[in-house]
$ cat final.tsv   # TSV, C-alpha atoms and all ligand atoms
chain	number	residue	atom	x	y	z
A	1	MET	CA	0.00	0.00	0.00
A	2	ARG	CA	1.21	3.40	-0.97
A	3	VAL	CA	0.80	5.49	2.14
A	4	SER	CA	2.45	8.79	1.67
A	5	ARG	CA	4.83	10.44	-0.70
A	6	GLY	CA	4.76	13.90	0.77
A	7	VAL	CA	6.84	16.59	-0.84
A	8	THR	CA	7.52	18.51	2.32
A	9	VAL	CA	7.10	17.49	5.89
A	10	PRO	CA	3.94	19.45	6.64
A	11	LEU	CA	2.45	18.37	3.32
A	12	ALA	CA	3.28	14.76	4.15
A	13	ALA	CA	1.42	15.13	7.41
A	14	VAL	CA	-1.52	16.78	5.68
A	15	THR	CA	-1.54	14.07	3.03
A	16	ALA	CA	-1.63	11.39	5.70
A	17	GLY	CA	-4.45	13.21	7.41
A	18	LEU	CA	-6.47	13.40	4.21
A	19	LEU	CA	-5.90	9.80	3.30
A	20	LEU	CA	-6.41	8.46	6.77
A	21	PRO	CA	-8.75	10.77	8.61
A	22	ALA	CA	-9.52	8.21	11.31
A	23	LEU	CA	-5.84	7.88	12.03
A	24	ALA	CA	-4.97	11.54	12.35
A	25	LEU	CA	-4.52	11.42	16.08
A	26	GLY	CA	-3.61	15.05	16.52
A	27	PRO	CA	-3.45	18.18	14.40
A	28	VAL	CA	-2.76	17.21	10.81
A	29	HIS	CA	-0.03	19.77	10.36
A	30	ALA	CA	3.36	19.08	11.88
A	31	ALA	CA	3.34	20.70	15.31
A	32	PRO	CA	6.99	20.36	16.28
A	33	ASP	CA	6.98	22.11	19.60
A	34	ARG	CA	5.20	24.62	21.76
A	35	ALA	CA	6.18	27.45	19.43
A	36	ALA	CA	4.04	26.09	16.60
A	37	ALA	CA	0.41	27.19	16.64
A	38	PRO	CA	-1.47	24.11	17.79
A	39	ALA	CA	-4.80	23.17	16.25
A	40	SER	CA	-5.53	21.24	19.42
A	41	PRO	CA	-4.08	22.49	22.70
A	42	THR	CA	-4.59	19.08	24.26
A	43	ALA	CA	-2.51	17.38	21.57
A	44	ALA	CA	0.18	20.05	21.73
A	45	ARG	CA	0.48	19.69	25.50
A	46	ALA	CA	1.10	15.98	25.02
A	47	VAL	CA	4.38	16.70	23.22
A	48	PRO	CA	6.96	17.41	25.89
A	49	ASP	CA	9.59	20.10	25.79
A	50	ILE	CA	12.89	18.54	24.91
A	51	SER	CA	16.26	19.13	26.49
A	52	VAL	CA	19.57	18.65	24.71
A	53	SER	CA	22.84	18.10	26.56
A	54	THR	CA	26.34	17.24	25.37
A	55	VAL	CA	27.65	13.84	26.45
A	56	VAL	CA	31.04	14.32	24.78
A	57	SER	CA	32.46	16.77	22.25
A	58	GLY	CA	35.65	17.30	20.23
A	59	LEU	CA	35.16	14.26	18.00
A	60	GLU	CA	35.13	13.96	14.19
A	61	HIS	CA	32.48	12.26	12.06
A	62	VAL	CA	30.98	10.34	14.96
A	63	TRP	CA	29.13	7.46	13.32
A	64	ASP	CA	27.64	5.31	16.04
A	65	VAL	CA	27.12	4.85	19.76
A	66	ALA	CA	26.57	1.58	21.65
A	67	LEU	CA	25.77	1.16	25.32
A	68	LEU	CA	28.34	-0.36	27.68
A	69	GLN	CA	27.81	-0.39	31.44
A	70	PRO	CA	25.69	2.47	32.77
A	71	GLY	CA	27.64	5.69	32.29
A	72	ARG	CA	29.89	4.23	29.61
A	73	LEU	CA	29.47	4.33	25.85
A	74	LEU	CA	31.33	2.85	22.93
A	75	VAL	CA	31.68	5.43	20.14
A	76	SER	CA	33.02	5.16	16.57
A	77	GLU	CA	34.52	7.88	14.39
A	78	ARG	CA	34.38	7.11	10.68
A	79	ASP	CA	37.39	8.73	9.03
A	80	SER	CA	39.96	8.36	11.80
A	81	ALA	CA	38.81	4.74	12.29
A	82	THR	CA	38.68	5.36	16.01
A	83	ILE	CA	36.78	3.46	18.68
A	84	SER	CA	36.54	5.20	22.04
A	85	ILE	CA	35.02	4.58	25.41
A	86	VAL	CA	33.18	7.63	26.64
A	87	ALA	CA	32.71	8.14	30.37
A	88	ARG	CA	32.21	11.31	32.41
A	89	GLY	CA	32.41	13.48	29.30
A	90	ARG	CA	35.76	12.15	28.10
A	91	ALA	CA	36.53	9.92	25.13
A	92	THR	CA	39.40	7.47	25.62
A	93	PRO	CA	40.53	5.67	22.44
A	94	VAL	CA	40.58	1.88	22.44
A	95	ARG	CA	43.70	0.35	20.86
A	96	PHE	CA	42.95	-2.05	17.98
A	97	PRO	CA	44.42	-2.61	14.50
A	98	SER	CA	42.69	0.42	13.01
A	99	SER	CA	45.11	0.54	10.08
A	100	LYS	CA	43.18	-2.42	8.67
A	101	VAL	CA	40.03	-0.29	8.44
A	102	TRP	CA	39.58	0.90	4.86
A	103	VAL	CA	38.54	4.55	4.77
A	104	SER	CA	37.31	6.37	1.69
A	105	GLY	CA	34.50	8.86	1.19
A	106	GLU	CA	31.37	7.67	2.97
A	107	THR	CA	33.06	4.46	4.12
A	108	GLY	CA	35.27	3.95	7.16
A	109	LEU	CA	34.55	2.80	10.68
A	110	MET	CA	30.78	2.92	10.81
A	111	SER	CA	28.39	0.93	12.96
A	112	LEU	CA	28.92	-0.62	16.40
A	113	ALA	CA	26.84	-3.13	18.38
A	114	VAL	CA	27.54	-4.60	21.81
A	115	VAL	CA	26.78	-8.34	22.02
A	116	PRO	CA	24.20	-9.07	24.74
A	117	GLY	CA	25.22	-11.37	27.56
A	118	THR	CA	28.96	-10.69	27.32
A	119	LYS	CA	29.19	-8.28	30.26
A	120	HIS	CA	29.66	-5.51	27.69
A	121	ARG	CA	32.98	-6.99	26.59
A	122	THR	CA	32.22	-8.28	23.08
A	123	PHE	CA	31.13	-6.00	20.30
A	124	LEU	CA	30.73	-5.93	16.53
A	125	THR	CA	31.86	-3.34	14.02
A	126	CYS	CA	30.75	-2.77	10.45
A	127	SER	CA	33.46	-1.01	8.49
A	128	GLY	CA	35.56	-0.86	5.38
A	129	TRP	CA	38.31	-3.47	5.67
A	130	GLU	CA	41.58	-4.05	3.82
A	131	THR	CA	41.85	-7.50	2.28
A	132	SER	CA	44.72	-9.30	0.59
A	133	ASP	CA	43.42	-8.24	-2.79
A	134	GLY	CA	41.61	-4.99	-2.17
A	135	HIS	CA	38.88	-3.86	0.18
A	136	GLU	CA	35.32	-4.71	1.17
A	137	ILE	CA	32.82	-4.06	3.95
A	138	GLN	CA	33.10	-6.47	6.87
A	139	VAL	CA	31.32	-7.16	10.10
A	140	ARG	CA	33.94	-8.10	12.68
A	141	ARG	CA	33.84	-9.23	16.30
A	142	TRP	CA	36.02	-7.70	19.05
A	143	ARG	CA	36.70	-8.40	22.72
A	144	LEU	CA	37.45	-5.49	25.04
A	145	SER	CA	40.24	-5.98	27.56
A	146	ALA	CA	39.16	-5.82	31.20
A	147	ASP	CA	40.56	-2.30	31.51
A	148	GLY	CA	38.89	-1.24	28.25
A	149	LYS	CA	42.16	0.01	26.79
A	150	ARG	CA	42.33	-2.35	23.85
A	151	ALA	CA	40.13	-4.57	21.73
A	152	VAL	CA	41.30	-7.99	20.61
A	153	ASP	CA	40.27	-9.05	17.11
A	154	LYS	CA	37.99	-12.10	17.32
A	155	GLY	CA	37.70	-12.33	13.58
A	156	LYS	CA	35.36	-11.75	10.72
A	157	VAL	CA	31.66	-12.38	11.20
A	158	LEU	CA	30.77	-11.59	7.59
A	159	GLY	CA	32.90	-10.31	4.74
A	160	GLY	CA	32.38	-9.87	1.05
A	161	ILE	CA	29.98	-6.95	1.32
A	162	PRO	CA	30.96	-4.97	-1.77
A	163	ILE	CA	32.38	-1.46	-1.82
A	164	ASP	CA	34.04	0.32	-4.70
A	165	SER	CA	34.96	4.01	-4.32
A	166	GLY	CA	33.57	4.26	-0.81
A	167	ARG	CA	30.25	5.71	-1.94
A	168	HIS	CA	27.16	3.91	-0.53
A	169	GLY	CA	28.96	1.74	2.00
A	170	GLY	CA	25.97	1.49	4.35
A	171	CYS	CA	26.43	0.10	7.00
A	172	ARG	CA	24.28	-0.55	10.05
A	173	VAL	CA	24.62	-3.52	12.40
A	174	LYS	CA	22.01	-4.29	15.07
A	175	ILE	CA	21.66	-7.26	17.41
A	176	ASP	CA	18.32	-8.61	18.65
A	177	SER	CA	18.58	-8.63	22.42
A	178	LYS	CA	16.42	-11.77	22.74
A	179	SER	CA	17.47	-14.02	19.86
A	180	GLY	CA	20.99	-12.66	19.46
A	181	ASP	CA	20.38	-12.46	15.71
A	182	ILE	CA	22.66	-10.03	13.89
A	183	TRP	CA	21.07	-7.70	11.34
A	184	VAL	CA	23.14	-5.77	8.81
A	185	GLY	CA	21.92	-3.02	6.48
A	186	THR	CA	24.22	-2.49	3.50
A	187	GLY	CA	24.70	-0.03	0.65
A	188	ASP	CA	24.81	-0.81	-3.04
A	189	ALA	CA	28.43	0.37	-3.42
A	190	ALA	CA	27.08	2.83	-6.02
A	191	THR	CA	27.30	-0.06	-8.46
A	192	TYR	CA	24.35	-0.79	-10.73
A	193	ASP	CA	24.11	-4.56	-10.54
A	194	VAL	CA	24.24	-5.00	-6.77
A	195	ALA	CA	20.95	-4.16	-5.05
A	196	ARG	CA	18.76	-6.68	-6.91
A	197	ASN	CA	21.49	-9.28	-7.31
A	198	LEU	CA	20.70	-12.13	-4.92
A	199	HIS	CA	24.31	-13.32	-5.15
A	200	SER	CA	25.59	-10.03	-3.71
A	201	LEU	CA	25.46	-8.81	-0.10
A	202	GLY	CA	25.20	-5.14	-1.15
A	203	GLY	CA	21.96	-3.15	-1.16
A	204	LYS	CA	20.41	-5.63	1.27
A	205	VAL	CA	19.25	-6.21	4.78
A	206	LEU	CA	20.99	-9.37	6.01
A	207	ARG	CA	20.18	-11.54	9.02
A	208	MET	CA	22.54	-13.92	10.79
A	209	THR	CA	22.55	-16.02	13.92
A	210	ALA	CA	24.69	-14.92	16.85
A	211	ALA	CA	27.41	-17.22	15.46
A	212	GLY	CA	27.35	-15.39	12.13
A	213	LYS	CA	25.60	-18.13	10.13
A	214	PRO	CA	22.65	-17.30	7.86
A	215	SER	CA	19.48	-17.30	9.93
A	216	PRO	CA	17.56	-20.55	9.28
A	217	HIS	CA	14.43	-18.38	9.24
A	218	ASN	CA	15.65	-16.27	6.31
A	219	PRO	CA	13.66	-16.49	3.05
A	220	TRP	CA	16.27	-18.57	1.18
A	221	PRO	CA	17.98	-20.69	3.88
A	222	ARG	CA	18.99	-23.48	1.48
A	223	ALA	CA	19.90	-21.45	-1.60
A	224	ALA	CA	22.80	-22.79	-3.65
A	225	SER	CA	24.38	-19.34	-3.41
A	226	VAL	CA	25.68	-19.02	0.15
A	227	LYS	CA	25.37	-15.23	0.00
A	228	ARG	CA	21.68	-15.52	-0.84
A	229	ARG	CA	21.11	-17.43	2.41
A	230	TYR	CA	22.03	-14.27	4.37
A	231	ILE	CA	19.50	-12.06	2.60
A	232	TYR	CA	16.37	-10.89	4.40
A	233	THR	CA	15.33	-8.12	1.98
A	234	TYR	CA	16.78	-6.65	-1.22
A	235	GLY	CA	16.54	-3.74	-3.63
A	236	HIS	CA	17.88	-1.14	-1.19
A	237	ARG	CA	20.05	1.80	-2.25
A	238	ASN	CA	21.99	2.67	0.89
A	239	VAL	CA	20.65	1.43	4.21
A	240	GLN	CA	21.71	3.75	7.03
A	241	GLY	CA	19.33	2.80	9.82
A	242	LEU	CA	17.76	-0.35	11.23
A	243	ALA	CA	15.32	-0.35	14.13
A	244	ARG	CA	13.02	-3.09	15.34
A	245	ARG	CA	9.66	-1.75	16.42
A	246	PRO	CA	9.01	-2.98	19.99
A	247	GLY	CA	7.14	-6.26	19.68
A	248	GLY	CA	7.11	-5.94	15.90
A	249	GLU	CA	9.03	-5.90	12.68
A	250	MET	CA	12.42	-4.58	11.65
A	251	TRP	CA	12.36	-1.25	9.81
A	252	SER	CA	15.05	0.27	7.62
A	253	VAL	CA	15.96	3.86	6.80
A	254	GLU	CA	17.80	4.69	3.63
A	255	HIS	CA	19.13	7.51	1.49
A	256	GLY	CA	17.24	8.48	-1.62
A	257	THR	CA	18.82	9.98	-4.73
A	258	ASP	CA	18.05	13.70	-4.91
A	259	ARG	CA	14.52	12.72	-3.84
A	260	ASP	CA	12.68	10.03	-1.93
A	261	ASP	CA	14.57	9.05	1.16
A	262	GLU	CA	12.76	6.01	2.49
A	263	VAL	CA	11.60	4.46	5.73
A	264	ASN	CA	10.68	0.85	5.01
A	265	LEU	CA	8.86	-1.82	6.98
A	266	LEU	CA	10.80	-4.99	6.19
A	267	LYS	CA	9.03	-8.16	5.04
A	268	ALA	CA	11.13	-11.31	4.63
A	269	GLY	CA	12.10	-11.75	1.00
A	270	GLY	CA	10.77	-8.32	0.08
A	271	ASP	CA	11.97	-6.38	-2.95
A	272	TYR	CA	12.26	-2.67	-2.16
A	273	GLY	CA	12.63	-1.70	-5.77
A	274	TRP	CA	16.02	-0.02	-6.29
A	275	ASN	CA	17.51	-0.88	-9.67
A	276	PRO	CA	19.74	1.88	-11.05
A	277	GLY	CA	20.32	0.06	-14.34
A	278	PRO	CA	23.48	-0.08	-16.41
A	279	GLY	CA	25.78	2.85	-15.74
A	280	TYR	CA	24.22	3.69	-12.38
A	281	ASP	CA	21.31	5.90	-13.38
A	282	ASP	CA	20.18	7.87	-10.33
A	283	ASP	CA	17.08	9.07	-12.21
A	284	VAL	CA	15.19	5.80	-11.77
A	285	PRO	CA	12.54	5.65	-8.99
A	286	MET	CA	13.59	4.60	-5.50
A	287	THR	CA	10.84	1.97	-5.76
A	288	ASP	CA	10.46	0.97	-9.38
A	289	HIS	CA	7.22	-0.94	-9.89
A	290	SER	CA	8.03	-1.60	-13.54
A	291	LEU	CA	10.48	-4.27	-12.40
A	292	PRO	CA	9.35	-7.91	-12.51
A	293	GLY	CA	7.36	-9.05	-9.48
A	294	GLU	CA	6.07	-7.04	-6.54
A	295	GLN	CA	7.98	-4.09	-5.15
A	296	ILE	CA	7.22	-2.82	-1.67
A	297	ASP	CA	6.60	0.91	-1.25
A	298	ALA	CA	8.19	2.90	1.52
A	299	ARG	CA	6.06	3.59	4.61
A	300	TRP	CA	7.40	7.14	4.50
A	301	SER	CA	9.17	8.90	1.68
A	302	SER	CA	10.70	12.37	1.75
A	303	GLY	CA	9.59	13.38	-1.70
A	304	ASP	CA	11.78	16.03	-3.35
A	305	PRO	CA	14.24	17.05	-2.02
A	306	THR	CA	15.77	14.50	0.30
A	307	ILE	CA	16.80	15.21	3.88
A	308	ALA	CA	19.24	12.27	3.95
A	309	THR	CA	17.57	10.15	6.62
A	310	SER	CA	20.14	8.08	8.49
A	311	GLY	CA	20.08	6.25	11.84
A	312	ALA	CA	16.86	5.69	13.74
A	313	ALA	CA	15.47	4.35	17.01
A	314	TRP	CA	11.96	3.76	18.31
A	315	VAL	CA	11.15	6.10	21.19
A	316	ARG	CA	10.19	4.33	24.42
A	317	GLY	CA	8.64	5.63	27.61
A	318	SER	CA	5.54	7.49	28.76
A	319	GLN	CA	7.74	10.48	29.66
A	320	TRP	CA	7.82	11.16	25.90
A	321	GLY	CA	4.07	11.85	25.75
A	322	ASP	CA	2.84	11.81	22.14
A	323	LEU	CA	6.35	11.04	20.97
A	324	ASN	CA	6.30	7.67	22.76
A	325	GLY	CA	6.27	4.99	20.08
A	326	THR	CA	7.45	7.28	17.29
A	327	LEU	CA	10.50	6.55	15.17
A	328	ALA	CA	13.24	9.09	15.89
A	329	VAL	CA	15.23	9.58	12.69
A	330	ALA	CA	18.52	11.45	12.33
A	331	THR	CA	18.99	13.41	9.13
A	332	LEU	CA	22.24	14.58	7.54
A	333	ALA	CA	21.27	17.10	4.85
A	334	GLY	CA	18.13	17.96	6.82
A	335	GLU	CA	20.26	18.77	9.89
A	336	LYS	CA	17.49	17.79	12.29
A	337	LEU	CA	16.09	14.99	14.38
A	338	VAL	CA	12.53	14.14	13.41
A	339	PHE	CA	9.92	11.93	15.07
A	340	MET	CA	7.69	9.92	12.73
A	341	LYS	CA	4.42	8.55	14.00
A	342	PHE	CA	3.14	5.34	12.40
A	343	ASP	CA	-0.09	3.62	13.36
A	344	ASP	CA	-0.31	0.02	14.57
A	345	ARG	CA	-0.48	-1.19	10.98
A	346	GLY	CA	2.66	0.73	10.07
A	347	ARG	CA	0.95	3.55	8.18
A	348	PHE	CA	2.53	6.98	8.42
A	349	VAL	CA	0.44	9.39	10.46
A	350	ARG	CA	2.48	12.53	11.03
A	351	MET	CA	5.88	14.04	11.73
A	352	TYR	CA	7.12	16.04	14.70
A	353	GLU	CA	10.14	18.32	14.28
A	354	PRO	CA	11.19	19.97	17.56
A	355	ARG	CA	12.94	23.24	16.82
A	356	ASN	CA	15.77	22.78	19.26
A	357	LEU	CA	16.76	19.61	17.41
A	358	GLN	CA	17.47	21.62	14.25
A	359	THR	CA	20.56	23.50	15.40
A	360	HIS	CA	23.26	20.84	15.66
A	361	GLY	CA	24.15	20.31	12.01
A	362	ARG	CA	24.24	16.92	10.37
A	363	LEU	CA	22.97	14.05	12.50
A	364	ARG	CA	24.02	10.45	11.83
A	365	SER	CA	22.77	7.98	14.41
A	366	VAL	CA	20.17	7.58	17.15
A	367	THR	CA	20.47	5.14	20.06
A	368	SER	CA	17.89	4.72	22.80
A	369	ASN	CA	19.51	4.31	26.21
A	370	ARG	CA	18.20	2.35	29.20
A	371	LYS	CA	16.13	5.29	30.45
A	372	GLY	CA	14.65	5.90	27.03
A	373	ASP	CA	16.75	9.00	26.37
A	374	LEU	CA	18.13	9.31	22.86
A	375	LEU	CA	21.85	9.49	22.15
A	376	VAL	CA	22.39	11.28	18.85
A	377	THR	CA	25.69	11.67	16.99
A	378	THR	CA	26.61	14.71	14.92
A	379	ASP	CA	28.51	14.26	11.67
A	380	ASN	CA	29.81	17.68	10.72
A	381	GLY	CA	33.46	16.69	10.33
A	382	ARG	CA	34.88	18.60	13.27
A	383	ARG	CA	33.82	19.47	16.79
A	384	ASP	CA	31.40	16.59	16.56
A	385	LYS	CA	29.42	15.45	19.57
A	386	VAL	CA	27.28	12.84	21.14
A	387	LEU	CA	24.09	14.56	22.34
A	388	ARG	CA	21.60	13.32	24.89
A	389	ILE	CA	18.01	14.17	23.96
A	390	SER	CA	15.44	13.80	26.70
A	391	PRO	CA	11.93	14.99	27.45
A	392	VAL	CA	11.61	17.63	30.17
A	393	ARG	CA	9.71	15.94	32.95
A	401	CA	CA	12.46	1.55	-2.33
A	402	CA	CA	6.62	-4.84	-10.52

$ encode --input "final.tsv" --output "C-alpha cells"
Amino acid sequence: MRVSRGVTVPLAAVTAGLLLPALALGPVHAAPDRAAAPASPTAARAVPDISVSTVVSGLEHVWDVALLQPGRLLVSERDSATISIVARGRATPVRFPSSKVWVSGETGLMSLAVVPGTKHRTFLTCSGWETSDGHEIQVRRWRLSADGKRAVDKGKVLGGIPIDSGRHGGCRVKIDSKSGDIWVGTGDAATYDVARNLHSLGGKVLRMTAAGKPSPHNPWPRAASVKRRYIYTYGHRNVQGLARRPGGEMWSVEHGTDRDDEVNLLKAGGDYGWNPGPGYDDDVPMTDHSLPGEQIDARWSSGDPTIATSGAAWVRGSQWGDLNGTLAVATLAGEKLVFMKFDDRGRFVRMYEPRNLQTHGRLRSVTSNRKGDLLVTTDNGRRDKVLRISPVR
C-alpha cells in the first residue's frame, strides 16, 4: 500500500491526514513544539519540551554509539577509524588494529553493536576493511580488555559486502537482544548490478545467527548461493538505519537519490525496488514498480528534495508523551532529528520536528539508552558530539 509520498514534511502530514482521517490522532499539520500554533491544545500539550545536553564533544564524524555499562558508551569515528570509550564526558581511544580499516568517502569505521550477555565486553563493528586483494565491507567481532584500553580481534563475522569508491557503503549492524540475531543493512556500493542481485550482499538487509551463520528463518535458507542465504530483503540503495519496532518488525531507513529518502517496513524476502540500471542511473525511482514481481513501497518517503535520513530508534517511555512509540530519525542534509508517528499497521500518520533539534548540524545515528533518552551523533566533520536528547519531565 502506498501510504504517503509527501513533498515537504507538513504536506506529508496533511496528506496522511487526508488519506487516513480516522488515524490523524492530533493536528494534521506538523506541530513540532510549543512554538508552533497548535490546532488542538490538548494534543500540543502531550508533546513534551525537549532538552539537549552534550555527552562528549571534540570528535570527528561520529558514526555510532553503543551502550556499555551504565555511564559508559562505545563510540566510533568514521574517518579516523577510532573506537573510544566515553565516560564522564571524556573519550578514551581503544587500541585495535585500526590501520586495517579501509577509509574512503562515505566508508570507514561505521556501525557498532555490543553483544548481549557478554558483560559488555564483546562488540561488533561494520566497516571498510583491507583484504589481501583490495577492500570490502566487513562485520567483525572484538573483545574489550578488562581495563577497556584495547580490543582484541575475534575475527570476521561476515565479509564480502561490496564497496568500490567508498560511496554507498551502508552500513548498520544491530543485534536482537532476545534471539541474538545479527542484522546488517548495507549499501549498493554505487554499483548498478548490486541491489537486486541475490548473489551479492550489497543493497540488502541481512540476518545472521549470533554465530554469524545465515538465519535458518531467512527467506532462502537453502539457496545454492551461500550469499543468498544471508538475505532478508533486497533492492535497497543505501541502508543507514535499522530499528526493530518494539514487539514488531524490523524497519530500515535509507538515502534516496536527490529525492525520496525512504523508511521501510521490512518483510522477509521483500523487494524494495532499487535498480539503477546499467551505468548507475540515479534518475530511476527509488521503488520501481516496472520491475518484474512485486515491489514494496516505503512507509514514509521524503519526496523532493531529500533530507538524507540516516540512523533511527523507536522512542520508548511514557515520559515522551505523544512522541512515545514514534520513530526518531537522524537526518544529515536535513540537519534535524525528526519523530515519525506510524499507526499500529505501520501507516505513516504525522511528523514532529522539535525546533531545538534543528541547530546541531548533520545528525548520523540515534540510540535509545536504558532510560529511554536518545543518544544522537553529529557528523559535521569537526567538533562533533554525542548529544543526549530527553523529554523535560
Ligand atoms: Ca524503495
Ligand atoms: Ca513490478

$ closest_residue --input "final.tsv" --among "A:Val56, A:Val284, A:Leu201, A:Ile307" --to "A:His255" --atoms "all atoms listed in the file"
A:Ile307

$ atom_distance --input "final.tsv" --atom1 "atom CA of A:Gly256" --atom2 "atom CA of A:Ser215"
28.3 Å

$ residues_near_ligand --input "final.tsv" --ligand "ligand CA 402 (chain A)" --cutoff "8 Å" --atoms "all atoms listed in the file" --output "ChimeraX atom specification"
/A:288-295

$ atom_distance --input "final.tsv" --atom1 "atom CA of A:Val152" --atom2 "atom CA of A:Gly166"
25.9 Å

$ closest_residue --input "final.tsv" --among "A:Arg345, A:Arg237, A:Lys149, A:Lys154" --to "ligand CA 401 (chain A)" --atoms "only C-alpha atoms and all ligand atoms"
A:Arg237

$ closest_residue --input "final.tsv" --among "A:Lys174, A:Arg382, A:His236, A:Arg388" --to "A:Val115" --atoms "all atoms listed in the file"
A:Lys174

$ atom_distance --input "final.tsv" --atom1 "atom CA of A:Leu265" --atom2 "atom CA of A:Glu249"
7.0 Å

$ closest_atom_pairs --input "final.tsv" --of "chain A" --to "ligand CA 401 (chain A)" --cutoff "10 Å" --atoms "all atoms listed in the file" --output "JSON lines"
{"residue": "A:Tyr234", "atom": "CA", "partner": "A:CA401", "partner_atom": "CA", "distance": 9.3}
{"residue": "A:Gly235", "atom": "CA", "partner": "A:CA401", "partner_atom": "CA", "distance": 6.8}
{"residue": "A:His236", "atom": "CA", "partner": "A:CA401", "partner_atom": "CA", "distance": 6.2}
{"residue": "A:Arg237", "atom": "CA", "partner": "A:CA401", "partner_atom": "CA", "distance": 7.6}
{"residue": "A:Glu254", "atom": "CA", "partner": "A:CA401", "partner_atom": "CA", "distance": 8.6}
{"residue": "A:His255", "atom": "CA", "partner": "A:CA401", "partner_atom": "CA", "distance": 9.7}
{"residue": "A:Gly256", "atom": "CA", "partner": "A:CA401", "partner_atom": "CA", "distance": 8.4}
{"residue": "A:Asp260", "atom": "CA", "partner": "A:CA401", "partner_atom": "CA", "distance": 8.5}
{"residue": "A:Asp261", "atom": "CA", "partner": "A:CA401", "partner_atom": "CA", "distance": 8.5}
{"residue": "A:Glu262", "atom": "CA", "partner": "A:CA401", "partner_atom": "CA", "distance": 6.6}
{"residue": "A:Val263", "atom": "CA", "partner": "A:CA401", "partner_atom": "CA", "distance": 8.6}
{"residue": "A:Asn264", "atom": "CA", "partner": "A:CA401", "partner_atom": "CA", "distance": 7.6}
{"residue": "A:Asp271", "atom": "CA", "partner": "A:CA401", "partner_atom": "CA", "distance": 8.0}
{"residue": "A:Tyr272", "atom": "CA", "partner": "A:CA401", "partner_atom": "CA", "distance": 4.2}
{"residue": "A:Gly273", "atom": "CA", "partner": "A:CA401", "partner_atom": "CA", "distance": 4.7}
{"residue": "A:Trp274", "atom": "CA", "partner": "A:CA401", "partner_atom": "CA", "distance": 5.6}
{"residue": "A:Asn275", "atom": "CA", "partner": "A:CA401", "partner_atom": "CA", "distance": 9.2}
{"residue": "A:Pro285", "atom": "CA", "partner": "A:CA401", "partner_atom": "CA", "distance": 7.8}
{"residue": "A:Met286", "atom": "CA", "partner": "A:CA401", "partner_atom": "CA", "distance": 4.5}
{"residue": "A:Thr287", "atom": "CA", "partner": "A:CA401", "partner_atom": "CA", "distance": 3.8}
{"residue": "A:Asp288", "atom": "CA", "partner": "A:CA401", "partner_atom": "CA", "distance": 7.4}
{"residue": "A:His289", "atom": "CA", "partner": "A:CA401", "partner_atom": "CA", "distance": 9.5}
{"residue": "A:Gln295", "atom": "CA", "partner": "A:CA401", "partner_atom": "CA", "distance": 7.7}
{"residue": "A:Ile296", "atom": "CA", "partner": "A:CA401", "partner_atom": "CA", "distance": 6.9}
{"residue": "A:Asp297", "atom": "CA", "partner": "A:CA401", "partner_atom": "CA", "distance": 6.0}
{"residue": "A:Ala298", "atom": "CA", "partner": "A:CA401", "partner_atom": "CA", "distance": 5.9}
{"residue": "A:Arg299", "atom": "CA", "partner": "A:CA401", "partner_atom": "CA", "distance": 9.7}
{"residue": "A:Ser301", "atom": "CA", "partner": "A:CA401", "partner_atom": "CA", "distance": 9.0}

$ write_last_selection --input "final.tsv" --atoms "C-alpha atoms" --output "PDB file, keeping the file's coordinate frame"
ATOM      1  CA  TYR A 234      16.780  -6.650  -1.220  1.00  0.00           C
ATOM      2  CA  GLY A 235      16.540  -3.740  -3.630  1.00  0.00           C
ATOM      3  CA  HIS A 236      17.880  -1.140  -1.190  1.00  0.00           C
ATOM      4  CA  ARG A 237      20.050   1.800  -2.250  1.00  0.00           C
ATOM      5  CA  GLU A 254      17.800   4.690   3.630  1.00  0.00           C
ATOM      6  CA  HIS A 255      19.130   7.510   1.490  1.00  0.00           C
ATOM      7  CA  GLY A 256      17.240   8.480  -1.620  1.00  0.00           C
ATOM      8  CA  ASP A 260      12.680  10.030  -1.930  1.00  0.00           C
ATOM      9  CA  ASP A 261      14.570   9.050   1.160  1.00  0.00           C
ATOM     10  CA  GLU A 262      12.760   6.010   2.490  1.00  0.00           C
ATOM     11  CA  VAL A 263      11.600   4.460   5.730  1.00  0.00           C
ATOM     12  CA  ASN A 264      10.680   0.850   5.010  1.00  0.00           C
ATOM     13  CA  ASP A 271      11.970  -6.380  -2.950  1.00  0.00           C
ATOM     14  CA  TYR A 272      12.260  -2.670  -2.160  1.00  0.00           C
ATOM     15  CA  GLY A 273      12.630  -1.700  -5.770  1.00  0.00           C
ATOM     16  CA  TRP A 274      16.020  -0.020  -6.290  1.00  0.00           C
ATOM     17  CA  ASN A 275      17.510  -0.880  -9.670  1.00  0.00           C
ATOM     18  CA  PRO A 285      12.540   5.650  -8.990  1.00  0.00           C
ATOM     19  CA  MET A 286      13.590   4.600  -5.500  1.00  0.00           C
ATOM     20  CA  THR A 287      10.840   1.970  -5.760  1.00  0.00           C
ATOM     21  CA  ASP A 288      10.460   0.970  -9.380  1.00  0.00           C
ATOM     22  CA  HIS A 289       7.220  -0.940  -9.890  1.00  0.00           C
ATOM     23  CA  GLN A 295       7.980  -4.090  -5.150  1.00  0.00           C
ATOM     24  CA  ILE A 296       7.220  -2.820  -1.670  1.00  0.00           C
ATOM     25  CA  ASP A 297       6.600   0.910  -1.250  1.00  0.00           C
ATOM     26  CA  ALA A 298       8.190   2.900   1.520  1.00  0.00           C
ATOM     27  CA  ARG A 299       6.060   3.590   4.610  1.00  0.00           C
ATOM     28  CA  SER A 301       9.170   8.900   1.680  1.00  0.00           C
TER      29      SER A 301
END

$ closest_residue --input "final.tsv" --among "A:Ile182, A:Ala91, A:Ala223, A:Val253" --to "A:Ala113" --atoms "all atoms listed in the file"
A:Ile182

$ residues_around --input "final.tsv" --residues "A:Thr359" --least-positions-apart "3" --cutoff "8 Å" --atoms "all atoms listed in the file" --output "number ranges by chain"
A: 335-336, 355-356

$ closest_atom_pairs --input "final.tsv" --of "stretch 116-180 of chain A" --to "stretch 364-368 of chain A" --cutoff "12 Å" --atoms "all atoms listed in the file" --output "JSON lines"
{"residue": "A:Gly170", "atom": "CA", "partner": "A:Arg364", "partner_atom": "CA", "distance": 11.8}
{"residue": "A:Cys171", "atom": "CA", "partner": "A:Ser365", "partner_atom": "CA", "distance": 11.4}
{"residue": "A:Arg172", "atom": "CA", "partner": "A:Ser365", "partner_atom": "CA", "distance": 9.7}
{"residue": "A:Val173", "atom": "CA", "partner": "A:Ser365", "partner_atom": "CA", "distance": 11.8}
{"residue": "A:Lys174", "atom": "CA", "partner": "A:Thr367", "partner_atom": "CA", "distance": 10.8}
